[in-house]
Amino acid sequence: MLFETGRCYHDTQKWYLKILLLMPDHLHMLVGIPGNADLSNLLRDFKRVTATIARIHWQRNFFDHRLRDDESEAENLNTSARTVYGQV
């Protein structure tokens, strides 16, 4: 359900999904958002939809780490991949 909803948001250009990693007790996503979008509202809606359909009990809020000019998307994707394989 999380992957399907994430893909739906991508297909409708609510966000541009680069990666969605589902962990045992949390998930990591790397998304781009359109200039007029509000990340908090997008995630609130994503959580609401997935909570209703898949009966997920989300924690409140989320940790937002934004890519800066001195960080590359590739570095963040590599860090996420190493996390999955326990190399970080």
# chains A, B, ... in the order shown; residues from 1 in each chain; ligands from 1
$ select_by_dssp --residues "region 6-49 of chain A" --states "strand (DSSP E or B)" --output "list in words"
Tyr16, Leu17, Lys18, Ile19, Leu20, Leu21, Leu22, Leu27, His28, Met29, Leu30, Val31 and Gly32 of chain A
$ atom_distance --atom1 "CA of Met1 (chain A)" --atom2 "CA of Phe62 (chain A)"
19.1 Å
$ atom_distance --atom1 "CA of Ile19 (chain A)" --atom2 "CA of Leu2 (chain A)"
12.0 Å
$ closest_residue --among "A:Asn61, A:Thr50, A:Arg55, A:Pro34" --to "Phe3 (chain A)" --atoms "only C-alpha atoms"
A:Thr50
$ closest_residue --among "A:His28, A:Ala54, A:Phe46, A:Ala37" --to "Gln13 (chain A)" --atoms "only C-alpha atoms"
A:Ala37
$ residues_around --residues "Lys14 (chain A)" --least-positions-apart "2" --cutoff "12 Å" --atoms "only C-alpha atoms" --output "list in words"
Thr5, Gly6, Arg7, Cys8, Tyr9, His10, Asp11, Thr12, Tyr16, Leu17, Val31, Gly32, Ile33, Pro34, Gly35, Asn36, Ala37, Asp38, Leu39, Asn41, Leu42, Leu43, Asp45 and Phe46 of chain A
$ write_last_selection --atoms "C-alpha atoms" --output "PDB file, in the first residue's frame"
ATOM      1  CA  THR A   5       0.378   5.350  -2.777  1.00  0.00           C
ATOM      2  CA  GLY A   6       3.888   6.758  -3.178  1.00  0.00           C
ATOM      3  CA  ARG A   7       3.792   5.854  -6.860  1.00  0.00           C
ATOM      4  CA  CYS A   8       0.330   7.412  -7.243  1.00  0.00           C
ATOM      5  CA  TYR A   9       1.602  10.679  -5.749  1.00  0.00           C
ATOM      6  CA  HIS A  10       4.534  10.516  -8.188  1.00  0.00           C
ATOM      7  CA  ASP A  11       2.316   9.779 -11.197  1.00  0.00           C
ATOM      8  CA  THR A  12       0.015  12.704 -10.351  1.00  0.00           C
ATOM      9  CA  TYR A  16       8.779  13.320  -7.519  1.00  0.00           C
ATOM     10  CA  LEU A  17       9.648  10.070  -5.764  1.00  0.00           C
ATOM     11  CA  VAL A  31      11.192  13.156  -2.851  1.00  0.00           C
ATOM     12  CA  GLY A  32      11.256  16.351  -4.791  1.00  0.00           C
ATOM     13  CA  ILE A  33       8.258  18.620  -4.547  1.00  0.00           C
ATOM     14  CA  PRO A  34       6.877  21.209  -6.949  1.00  0.00           C
ATOM     15  CA  GLY A  35       7.677  24.812  -6.074  1.00  0.00           C
ATOM     16  CA  ASN A  36       4.179  25.595  -4.820  1.00  0.00           C
ATOM     17  CA  ALA A  37       3.780  22.408  -2.738  1.00  0.00           C
ATOM     18  CA  ASP A  38       3.990  22.177   1.028  1.00  0.00           C
ATOM     19  CA  LEU A  39       5.874  19.084   2.222  1.00  0.00           C
ATOM     20  CA  ASN A  41       0.657  18.927   3.853  1.00  0.00           C
ATOM     21  CA  LEU A  42       1.749  16.275   1.357  1.00  0.00           C
ATOM     22  CA  LEU A  43       3.014  13.979   4.108  1.00  0.00           C
ATOM     23  CA  ASP A  45      -2.277  13.555   3.380  1.00  0.00           C
ATOM     24  CA  PHE A  46      -0.053  10.563   2.540  1.00  0.00           C
TER      25      PHE A  46
END
$ atom_distance --atom1 "CA of Gln59 (chain A)" --atom2 "CA of Asp25 (chain A)"
10.6 Å
$ residues_around --residues "Trp58 (chain A)" --least-positions-apart "3" --cutoff "9 Å" --atoms "only C-alpha atoms" --output "JSON, numbers by chain"
{"A": [47, 48, 51, 61]}
$ write_last_selection --atoms "all heavy atoms" --output "PDB file, in the first residue's frame"
ATOM      1  N   LYS A  47      -0.003  10.177   4.931  1.00  0.00           N
ATOM      2  CA  LYS A  47      -0.222   9.401   6.159  1.00  0.00           C
ATOM      3  C   LYS A  47      -1.706   9.124   6.377  1.00  0.00           C
ATOM      4  O   LYS A  47      -2.085   8.020   6.787  1.00  0.00           O
ATOM      5  CB  LYS A  47       0.340  10.146   7.374  1.00  0.00           C
ATOM      6  CG  LYS A  47       1.836  10.113   7.486  1.00  0.00           C
ATOM      7  CD  LYS A  47       2.258  10.928   8.704  1.00  0.00           C
ATOM      8  CE  LYS A  47       3.635  10.647   9.156  1.00  0.00           C
ATOM      9  NZ  LYS A  47       3.968  11.411  10.378  1.00  0.00           N
ATOM     10  N   ARG A  48      -2.540  10.103   6.121  1.00  0.00           N
ATOM     11  CA  ARG A  48      -3.980   9.925   6.324  1.00  0.00           C
ATOM     12  C   ARG A  48      -4.522   8.826   5.401  1.00  0.00           C
ATOM     13  O   ARG A  48      -5.256   7.939   5.836  1.00  0.00           O
ATOM     14  CB  ARG A  48      -4.724  11.232   6.075  1.00  0.00           C
ATOM     15  CG  ARG A  48      -6.219  11.102   6.357  1.00  0.00           C
ATOM     16  CD  ARG A  48      -7.019  12.366   6.116  1.00  0.00           C
ATOM     17  NE  ARG A  48      -6.325  13.559   6.532  1.00  0.00           N
ATOM     18  CZ  ARG A  48      -6.323  14.710   5.835  1.00  0.00           C
ATOM     19  NH1 ARG A  48      -6.984  14.807   4.702  1.00  0.00           N
ATOM     20  NH2 ARG A  48      -5.687  15.762   6.274  1.00  0.00           N
ATOM     21  N   ALA A  51      -3.032   5.414   6.417  1.00  0.00           N
ATOM     22  CA  ALA A  51      -3.570   4.985   7.714  1.00  0.00           C
ATOM     23  C   ALA A  51      -4.979   4.435   7.550  1.00  0.00           C
ATOM     24  O   ALA A  51      -5.335   3.413   8.153  1.00  0.00           O
ATOM     25  CB  ALA A  51      -3.569   6.141   8.701  1.00  0.00           C
ATOM     26  N   ASN A  61       4.208  13.907  13.304  1.00  0.00           N
ATOM     27  CA  ASN A  61       5.314  14.656  12.705  1.00  0.00           C
ATOM     28  C   ASN A  61       6.204  13.748  11.866  1.00  0.00           C
ATOM     29  O   ASN A  61       5.894  12.608  11.595  1.00  0.00           O
ATOM     30  CB  ASN A  61       6.098  15.409  13.768  1.00  0.00           C
ATOM     31  CG  ASN A  61       5.218  16.387  14.514  1.00  0.00           C
ATOM     32  OD1 ASN A  61       4.413  17.082  13.919  1.00  0.00           O
ATOM     33  ND2 ASN A  61       5.341  16.410  15.825  1.00  0.00           N
TER      34      ASN A  61
END
$ select_by_dssp --residues "region 8-63 of chain A" --states "alpha helix (DSSP H)" --output "list in words"
Cys8, Tyr9, His10, Asp11, Leu39, Ser40, Asn41, Leu42, Leu43, Arg44, Asp45, Phe46, Lys47, Arg48, Val49, Thr50, Ala51, Thr52, Ile53 and Ala54 of chain A
$ write_last_selection --atoms "C-alpha atoms" --output "PDB file, in the first residue's frame"
ATOM      1  CA  CYS A   8       0.330   7.412  -7.243  1.00  0.00           C
ATOM      2  CA  TYR A   9       1.602  10.679  -5.749  1.00  0.00           C
ATOM      3  CA  HIS A  10       4.534  10.516  -8.188  1.00  0.00           C
ATOM      4  CA  ASP A  11       2.316   9.779 -11.197  1.00  0.00           C
ATOM      5  CA  LEU A  39       5.874  19.084   2.222  1.00  0.00           C
ATOM      6  CA  SER A  40       4.052  18.977   5.558  1.00  0.00           C
ATOM      7  CA  ASN A  41       0.657  18.927   3.853  1.00  0.00           C
ATOM      8  CA  LEU A  42       1.749  16.275   1.357  1.00  0.00           C
ATOM      9  CA  LEU A  43       3.014  13.979   4.108  1.00  0.00           C
ATOM     10  CA  ARG A  44      -0.044  14.625   6.260  1.00  0.00           C
ATOM     11  CA  ASP A  45      -2.277  13.555   3.380  1.00  0.00           C
ATOM     12  CA  PHE A  46      -0.053  10.563   2.540  1.00  0.00           C
ATOM     13  CA  LYS A  47      -0.222   9.401   6.159  1.00  0.00           C
ATOM     14  CA  ARG A  48      -3.980   9.925   6.324  1.00  0.00           C
ATOM     15  CA  VAL A  49      -4.627   7.898   3.165  1.00  0.00           C
ATOM     16  CA  THR A  50      -2.299   5.050   4.123  1.00  0.00           C
ATOM     17  CA  ALA A  51      -3.570   4.985   7.714  1.00  0.00           C
ATOM     18  CA  THR A  52      -7.142   4.654   6.494  1.00  0.00           C
ATOM     19  CA  ILE A  53      -6.537   2.051   3.813  1.00  0.00           C
ATOM     20  CA  ALA A  54      -3.747  -0.015   5.403  1.00  0.00           C
TER      21      ALA A  54
END
